>>> print(open('my_file.txt').read())   # compact mmCIF, C-alpha atoms
# COMPACT_ATOMS: atom_id res chain seq x y z
CA MET A 1 146.91 118.95 114.14
CA SER A 2 145.36 116.03 116.00
CA THR A 3 145.92 112.51 114.67
CA PHE A 4 143.62 109.48 114.59
CA LYS A 5 145.71 107.90 117.36
CA ASN A 6 145.37 111.00 119.55
CA ILE A 7 141.58 110.94 119.12
CA GLN A 8 140.95 107.19 119.26
CA GLY A 9 143.95 106.06 121.30
CA ARG A 10 145.13 103.60 118.64
CA ASN A 11 146.52 103.48 115.12
CA ILE A 12 144.53 102.51 112.02
CA ARG A 13 145.00 98.78 111.41
CA SER A 14 145.74 97.29 108.01
CA TYR A 15 143.89 94.22 106.65
CA THR A 16 144.09 92.23 103.42
CA THR A 17 140.24 92.21 103.42
CA ASN A 18 137.52 93.98 105.38
CA PRO A 19 137.18 92.72 108.99
CA ASP A 20 134.20 90.36 109.47
CA ASN A 21 132.37 92.41 112.10
CA PRO A 22 133.62 96.01 112.22
CA LEU A 23 132.31 98.23 114.98
CA GLU A 24 130.74 101.66 114.67
CA GLY A 25 133.54 104.23 114.46
CA GLN A 26 136.19 101.66 113.46
CA MET A 27 138.51 102.50 110.57
CA TRP A 28 140.95 100.27 108.66
CA TYR A 29 143.07 100.17 105.53
CA ASN A 30 142.14 97.52 102.93
CA GLN A 31 145.45 96.38 101.41
CA THR A 32 143.75 94.60 98.49
CA GLU A 33 141.57 97.53 97.43
CA LEU A 34 144.17 100.14 98.52
CA LYS A 35 141.42 102.11 100.27
CA LEU A 36 140.81 103.56 103.72
CA LYS A 37 137.45 102.34 105.03
CA GLY A 38 135.31 102.86 108.08
CA VAL A 39 131.95 102.34 109.76
CA VAL A 40 129.79 105.30 110.67
CA ALA A 41 126.37 105.51 112.29
CA SER A 42 123.24 105.18 110.15
CA ALA A 43 119.55 105.79 110.69
CA ALA A 44 117.31 103.57 112.80
CA TRP A 45 114.32 101.40 111.91
CA SER A 46 110.81 102.00 113.20
CA SER A 47 107.82 99.67 113.35
CA GLY A 48 105.14 99.57 110.66
CA GLY A 49 101.90 97.63 110.53
CA PRO A 50 102.30 93.82 110.42
CA LEU A 51 101.32 91.65 107.46
CA ALA A 52 97.89 90.09 107.82
CA THR A 53 99.32 86.66 106.98
CA ALA A 54 102.75 85.65 108.30
CA ARG A 55 105.00 84.04 105.68
CA ARG A 56 108.61 83.82 104.53
CA ILE A 57 110.63 83.89 101.30
CA LEU A 58 108.02 86.12 99.65
CA GLY A 59 108.34 88.65 96.84
CA GLY A 60 108.12 92.41 97.12
CA ALA A 61 107.85 95.58 95.03
CA GLY A 62 106.91 99.24 95.32
CA THR A 63 107.89 102.08 97.63
CA GLN A 64 107.85 102.82 101.36
CA THR A 65 104.30 104.20 101.25
CA ALA A 66 102.91 102.01 98.44
CA ALA A 67 104.39 98.54 98.61
CA LEU A 68 103.42 94.99 97.64
CA GLY A 69 104.15 91.66 99.34
CA PHE A 70 103.20 88.50 97.44
CA GLY A 71 103.64 84.75 97.46
CA GLY A 72 105.91 83.09 100.02
CA ARG A 73 105.61 80.08 102.28
CA LEU A 74 103.20 79.86 105.21
CA ALA A 75 104.33 78.92 108.70
CA PRO A 76 104.09 75.23 109.64
CA PRO A 77 101.59 73.75 109.74
CA PRO A 78 100.72 73.68 106.85
CA ASN A 79 104.04 75.09 105.52
CA ALA A 80 102.30 75.49 102.15
CA ASN A 81 103.06 77.85 99.28
CA SER A 82 101.03 81.06 99.29
CA ALA A 83 99.41 83.02 96.46
CA LEU A 84 98.39 85.88 98.75
CA THR A 85 99.10 89.51 97.85
CA GLU A 86 99.00 92.34 100.37
CA GLU A 87 99.27 96.09 99.70
CA TYR A 88 100.96 98.52 102.13
CA ASN A 89 99.98 102.20 102.33
CA GLY A 90 102.71 103.37 104.71
CA THR A 91 100.70 102.39 107.76
CA GLY A 92 99.05 99.01 107.30
CA TRP A 93 98.43 96.14 104.90
CA ALA A 94 95.26 95.29 102.93
CA ALA A 95 94.42 92.29 100.75
CA GLY A 96 95.15 92.49 97.03
CA GLY A 97 94.57 90.09 94.15
CA ALA A 98 96.05 86.61 94.50
CA LEU A 99 98.88 85.30 92.32
CA GLY A 100 97.88 82.82 89.64
CA THR A 101 100.54 80.39 90.91
CA ALA A 102 101.31 80.03 94.62
CA ARG A 103 105.08 79.86 95.23
CA PHE A 104 107.99 80.89 97.44
CA GLY A 105 111.29 82.36 96.31
CA ILE A 106 109.44 84.59 93.83
CA LYS A 107 111.15 87.88 92.94
CA GLY A 108 109.52 91.17 92.10
CA ALA A 109 110.02 94.59 90.51
CA GLY A 110 107.96 97.69 89.81
CA THR A 111 105.33 99.61 91.73
CA GLN A 112 102.17 98.77 93.68
CA THR A 113 100.01 99.39 90.61
CA ALA A 114 102.43 98.11 87.96
CA ALA A 115 104.49 95.21 89.30
CA VAL A 116 105.97 92.02 87.91
CA GLY A 117 106.70 88.79 89.80
CA PHE A 118 108.91 86.04 88.38
CA GLY A 119 110.42 82.67 89.20
CA GLY A 120 109.79 80.68 92.35
CA SER A 121 109.35 77.18 93.76
CA THR A 122 107.84 74.50 94.44
CA PRO A 123 108.02 73.18 91.78
CA ILE A 124 110.80 75.36 90.37
CA THR A 125 109.28 77.65 87.78
CA GLY A 126 110.06 80.49 85.40
CA LYS A 127 106.50 81.79 85.46
CA THR A 128 106.03 85.53 85.16
CA GLU A 129 102.97 87.49 86.29
CA GLU A 130 102.11 91.19 86.09
CA TYR A 131 100.03 93.11 88.66
CA ASN A 132 97.89 96.10 87.66
CA GLY A 133 96.93 97.23 91.14
CA THR A 134 94.02 94.82 91.32
CA ALA A 135 94.84 91.47 89.73
CA TRP A 136 97.72 89.36 88.39
CA SER A 137 97.93 88.15 84.77
CA GLU A 138 100.30 85.50 83.41
CA GLN A 139 103.00 86.54 80.94
CA ASN A 140 105.84 84.77 79.11
CA ASP A 141 108.11 82.57 81.24
CA MET A 142 111.79 83.20 81.92
CA GLY A 143 114.23 81.21 79.80
CA THR A 144 115.67 79.49 82.90
CA ALA A 145 113.25 78.40 85.64
CA ARG A 146 114.71 79.30 89.07
CA TYR A 147 113.99 80.77 92.47
CA SER A 148 115.54 83.08 95.07
CA GLY A 149 117.68 85.03 92.61
CA GLY A 150 118.25 88.78 92.54
CA GLY A 151 115.37 90.73 91.00
CA PHE A 152 115.15 94.47 90.35
CA GLY A 153 113.79 97.10 87.96
CA ILE A 154 110.26 98.06 86.86
CA GLN A 155 107.39 96.16 85.26
CA THR A 156 108.53 96.89 81.70
CA ALA A 157 112.28 96.72 82.34
CA ALA A 158 113.20 94.11 84.96
CA VAL A 159 116.24 91.92 85.65
CA MET A 160 116.60 88.45 87.18
CA ALA A 161 120.18 87.55 88.16
CA THR A 162 121.40 84.04 89.07
CA GLY A 163 119.24 82.00 91.54
CA SER A 164 118.77 78.30 92.21
CA THR A 165 117.56 75.52 89.92
CA TYR A 166 118.39 72.98 92.65
CA PRO A 167 120.76 71.25 92.84
CA THR A 168 122.60 73.60 90.48
CA THR A 169 123.04 77.38 90.62
CA PRO A 170 123.21 79.07 87.19
CA ASN A 171 124.98 82.40 86.74
CA ALA A 172 122.48 83.50 84.06
CA THR A 173 120.99 87.00 83.85
CA GLU A 174 117.72 87.67 82.04
CA GLU A 175 116.04 90.97 81.15
CA TYR A 176 112.27 91.50 80.85
CA ASN A 177 110.82 94.15 78.51
CA GLY A 178 107.20 93.90 79.58
CA THR A 179 106.52 91.06 77.17
CA SER A 180 109.35 88.54 77.10
CA TRP A 181 112.75 87.67 78.56
CA THR A 182 116.16 87.82 76.84
CA ALA A 183 119.59 86.68 78.02
CA GLY A 184 122.03 89.21 79.49
CA GLY A 185 125.64 89.05 80.73
CA ASN A 186 126.46 86.31 83.23
CA VAL A 187 126.94 87.01 86.93
CA GLY A 188 130.51 86.51 88.17
CA SER A 189 129.48 84.59 91.31
CA ALA A 190 126.51 82.21 90.90
CA ARG A 191 124.41 82.15 94.09
CA TYR A 192 120.91 82.15 95.52
CA ASN A 193 119.12 83.79 98.46
CA LEU A 194 120.83 87.05 97.53
CA ALA A 195 119.52 90.63 97.60
CA ALA A 196 119.30 93.22 94.86
CA ALA A 197 118.54 96.86 94.12
CA GLY A 198 118.41 99.23 91.17
CA ILE A 199 117.01 99.50 87.65
CA GLU A 200 117.60 97.60 84.40
CA SER A 201 120.50 99.84 83.31
CA ALA A 202 122.15 100.17 86.75
CA GLY A 203 121.67 97.41 89.30
CA LEU A 204 123.37 95.81 92.29
CA ILE A 205 123.35 92.30 93.79
CA PHE A 206 124.92 91.34 97.13
CA GLY A 207 125.23 88.49 99.59
CA GLY A 208 123.75 85.04 99.07
CA HIS A 209 124.89 81.42 99.12
CA GLU A 210 127.27 79.81 96.62
CA SER A 211 126.74 76.11 95.97
CA ASP A 212 129.83 75.59 93.78
CA PRO A 213 132.78 75.57 93.68
CA ALA A 214 133.62 77.13 97.05
CA GLY A 215 130.17 76.98 98.56
CA GLY A 216 128.94 78.76 101.66
CA ASN A 217 127.55 82.16 102.49
CA VAL A 218 129.20 85.11 100.77
CA GLY A 219 129.25 88.89 101.04
CA LYS A 220 130.09 89.40 97.37
CA THR A 221 128.75 92.50 95.63
CA GLU A 222 128.41 92.95 91.87
CA LEU A 223 127.39 96.02 89.88
CA TRP A 224 125.29 95.81 86.67
CA ASN A 225 125.65 98.45 83.93
CA GLY A 226 122.87 97.17 81.69
CA THR A 227 125.20 94.82 79.82
CA SER A 228 127.67 93.17 82.17
CA TRP A 229 128.59 92.67 85.84
CA SER A 230 131.68 93.93 87.69
CA GLU A 231 132.81 92.87 91.17
CA GLU A 232 132.78 95.55 93.87
CA ALA A 233 133.65 95.70 97.58
CA ASP A 234 132.10 92.91 99.67
CA LEU A 235 129.58 93.29 102.44
CA SER A 236 131.21 93.33 105.86
CA GLY A 237 130.92 89.56 106.36
CA PRO A 238 130.07 86.33 104.50
CA VAL A 239 126.44 86.02 105.58
CA TYR A 240 122.87 85.69 104.40
CA TYR A 241 122.29 82.03 103.52
CA ASN A 242 118.58 82.37 104.23
CA GLY A 243 118.56 85.68 102.46
CA GLN A 244 118.86 89.24 103.54
CA ALA A 245 116.69 91.80 101.75
CA GLY A 246 117.79 94.78 99.72
CA ALA A 247 116.35 98.04 98.41
CA GLY A 248 117.44 101.25 96.73
CA THR A 249 119.58 102.07 93.72
CA ALA A 250 122.96 101.09 92.32
CA THR A 251 124.55 104.06 94.12
CA ALA A 252 122.45 104.16 97.30
CA ALA A 253 121.29 100.74 98.47
CA ILE A 254 120.64 99.03 101.81
CA SER A 255 121.06 95.42 102.90
CA PHE A 256 119.20 94.20 105.98
CA GLY A 257 118.59 91.02 107.95
CA GLY A 258 119.64 87.52 106.90
CA GLU A 259 121.37 84.54 108.46
CA GLY A 260 125.04 84.51 109.41
CA SER A 261 127.36 81.79 110.59
CA SER A 262 126.10 79.08 112.98
CA ASN A 263 122.47 79.90 112.09
CA GLN A 264 122.82 83.34 113.63
CA MET A 265 119.91 85.60 112.68
CA ARG A 266 121.05 89.14 111.94
CA THR A 267 119.38 92.49 112.48
CA ALA A 268 122.30 94.44 110.98
CA THR A 269 121.75 96.98 108.22
CA GLU A 270 124.47 98.04 105.79
CA GLU A 271 124.37 100.90 103.31
CA TRP A 272 125.98 100.89 99.87
CA LEU A 273 126.93 104.43 98.85
CA GLY A 274 128.56 103.62 95.53
CA ALA A 275 131.94 102.23 94.47
CA GLY A 276 134.75 103.40 96.75
CA ALA A 277 132.42 104.81 99.42
CA PRO A 278 132.86 103.88 103.10
CA LEU A 279 130.75 101.13 104.62
CA THR A 280 127.86 102.35 106.75
CA ARG A 281 126.33 99.92 109.20
CA THR A 282 123.68 99.70 111.91
CA PHE A 283 123.99 96.99 114.56
CA THR A 284 122.97 94.61 116.22
CA ASP A 285 122.84 90.89 115.47
CA SER A 286 120.68 88.47 117.43
>>> encode(input="my_file.txt", output="structure tokens")
Amino acid sequence: MSTFKNIQGRNIRSYTTNPDNPLEGQMWYNQTELKLKGVVASAAWSSGGPLATARRILGGAGTQTAALGFGGRLAPPPNANSALTEEYNGTGWAAGGALGTARFGIKGAGTQTAAVGFGGSTPITGKTEEYNGTAWSEQNDMGTARYSGGGFGIQTAAVMATGSTYPTTPNATEEYNGTSWTAGGNVGSARYNLAAAGIESAGLIFGGHESDPAGGNVGKTELWNGTSWSEEADLSGPVYYNGQAGAGTATAAISFGGEGSSNQMRTATEEWLGAGAPLTRTFTDS
């Protein structure tokens, strides 16, 4: 029987944590988690139609062939908040109804015809709006006004986890039932500019920036069971201060883009395949 060393020409290395930038095909043993891990190839990205209006830190919802992009901040000048909504049909974007309140750092959940957007800045707000496929309508505010948290779920069952109230970062979780927000279990690691995926009863948050006590960009991953959060295996590196994006479910999610150390912009994609599954990653960083 052939061994890993015979095939790869080297032994499997042992680490106390995951290596910061593992390469495709690399394998290692995580001493802390007592698990064998590795990086395998994943699918590639292809170009879609561009947004009509360039902006950053915007909200999103929907599916690959019926998506929404809303809010955000326009490029300088004027670097102003945007209320614009655009609808994607799998090929290109078309104008939708404008948000009632222009803002960046807004989070979203739901579908193209039944979405909810919540939170945002500037100023920091807990405002919530619902989209019916044509127009937005204002609903009850979140209990804690904040922006750039982790949002996931559907219009009638959404979750907002942590986020920034600047200069503080609360670890609060709130759940939306289509009418109002109620408090849920606290996040273990308070942070902002993080990514999320999943539904109200099974969600995932990952990456982001901690302001206190340690501070800095983190690769932390936490799993939501509808009541409380549990810490899972980290992303491959402590990155994403300016926010990577996420999509998928609690057992099959992807993380893509973001900002790494020394203002390095990343094109890497990582796949979450559930607790205990191997890391899957597509390179490269720029």
>>> closest_residue(input="my_file.txt", among="A:Leu74, A:Ala67, A:Ile57, A:Ser228", to="Leu194 of chain A", atoms="only C-alpha atoms")
A:Ile57
>>> atom_distance(input="my_file.txt", atom1="atom CA of Ala250 of chain A", atom2="atom CA of Glu86 of chain A")
26.7 Å
>>> atom_distance(input="my_file.txt", atom1="atom CA of Ile199 of chain A", atom2="atom CA of Phe152 of chain A")
6.0 Å
>>> atom_distance(input="my_file.txt", atom1="atom CA of Ala183 of chain A", atom2="atom CA of Pro170 of chain A")
12.5 Å
>>> residues_near_point(input="my_file.txt", point="(99.1, 84.3, 81.4)", cutoff="12 Å", atoms="all atoms listed in the file", output="list in words")
Leu99, Gly100, Thr101, Lys127, Thr128, Glu129, Glu130, Tyr131, Ala135, Trp136, Ser137, Glu138, Gln139, Asn140, Asp141, Thr179 and Ser180 of chain A
>>> closest_residue(input="my_file.txt", among="A:Ser201, A:Thr91, A:Asn193, A:Asn79", to="Gly105 of chain A", atoms="only C-alpha atoms")
A:Asn193
>>> closest_atom_pairs(input="my_file.txt", of="segment 79-139 of chain A", to="segment 61-64 of chain A", cutoff="12 Å", atoms="all atoms listed in the file", output="CSV")
residue,atom,partner,partner_atom,distance
A:Thr85,CA,A:Ala61,CA,11.0
A:Glu86,CA,A:Ala61,CA,10.8
A:Glu87,CA,A:Gly62,CA,9.4
A:Tyr88,CA,A:Gln64,CA,8.2
A:Asn89,CA,A:Gln64,CA,8.0
A:Gly90,CA,A:Gln64,CA,6.2
A:Thr91,CA,A:Gln64,CA,9.6
A:Gly92,CA,A:Gln64,CA,11.3
A:Ile106,CA,A:Ala61,CA,11.2
A:Lys107,CA,A:Ala61,CA,8.6
A:Gly108,CA,A:Ala61,CA,5.6
A:Ala109,CA,A:Ala61,CA,5.1
A:Gly110,CA,A:Ala61,CA,5.6
A:Thr111,CA,A:Gly62,CA,3.9
A:Gln112,CA,A:Gly62,CA,5.0
A:Thr113,CA,A:Gly62,CA,8.4
A:Ala114,CA,A:Gly62,CA,8.7
A:Ala115,CA,A:Ala61,CA,6.7
A:Val116,CA,A:Ala61,CA,8.2
A:Gly117,CA,A:Ala61,CA,8.6
A:Phe118,CA,A:Ala61,CA,11.7
A:Glu130,CA,A:Ala61,CA,11.5
A:Tyr131,CA,A:Ala61,CA,10.4
A:Gly133,CA,A:Gly62,CA,11.0
>>> residues_around(input="my_file.txt", residues="Thr182 of chain A", least_positions_apart="6", cutoff="10 Å", atoms="all atoms listed in the file", output="number ranges by chain")
A: 142-143, 159, 173-176
>>> closest_residue(input="my_file.txt", among="A:Pro77, A:Thr134, A:Leu58, A:Gly216", to="Ala102 of chain A", atoms="all atoms listed in the file")
A:Leu58
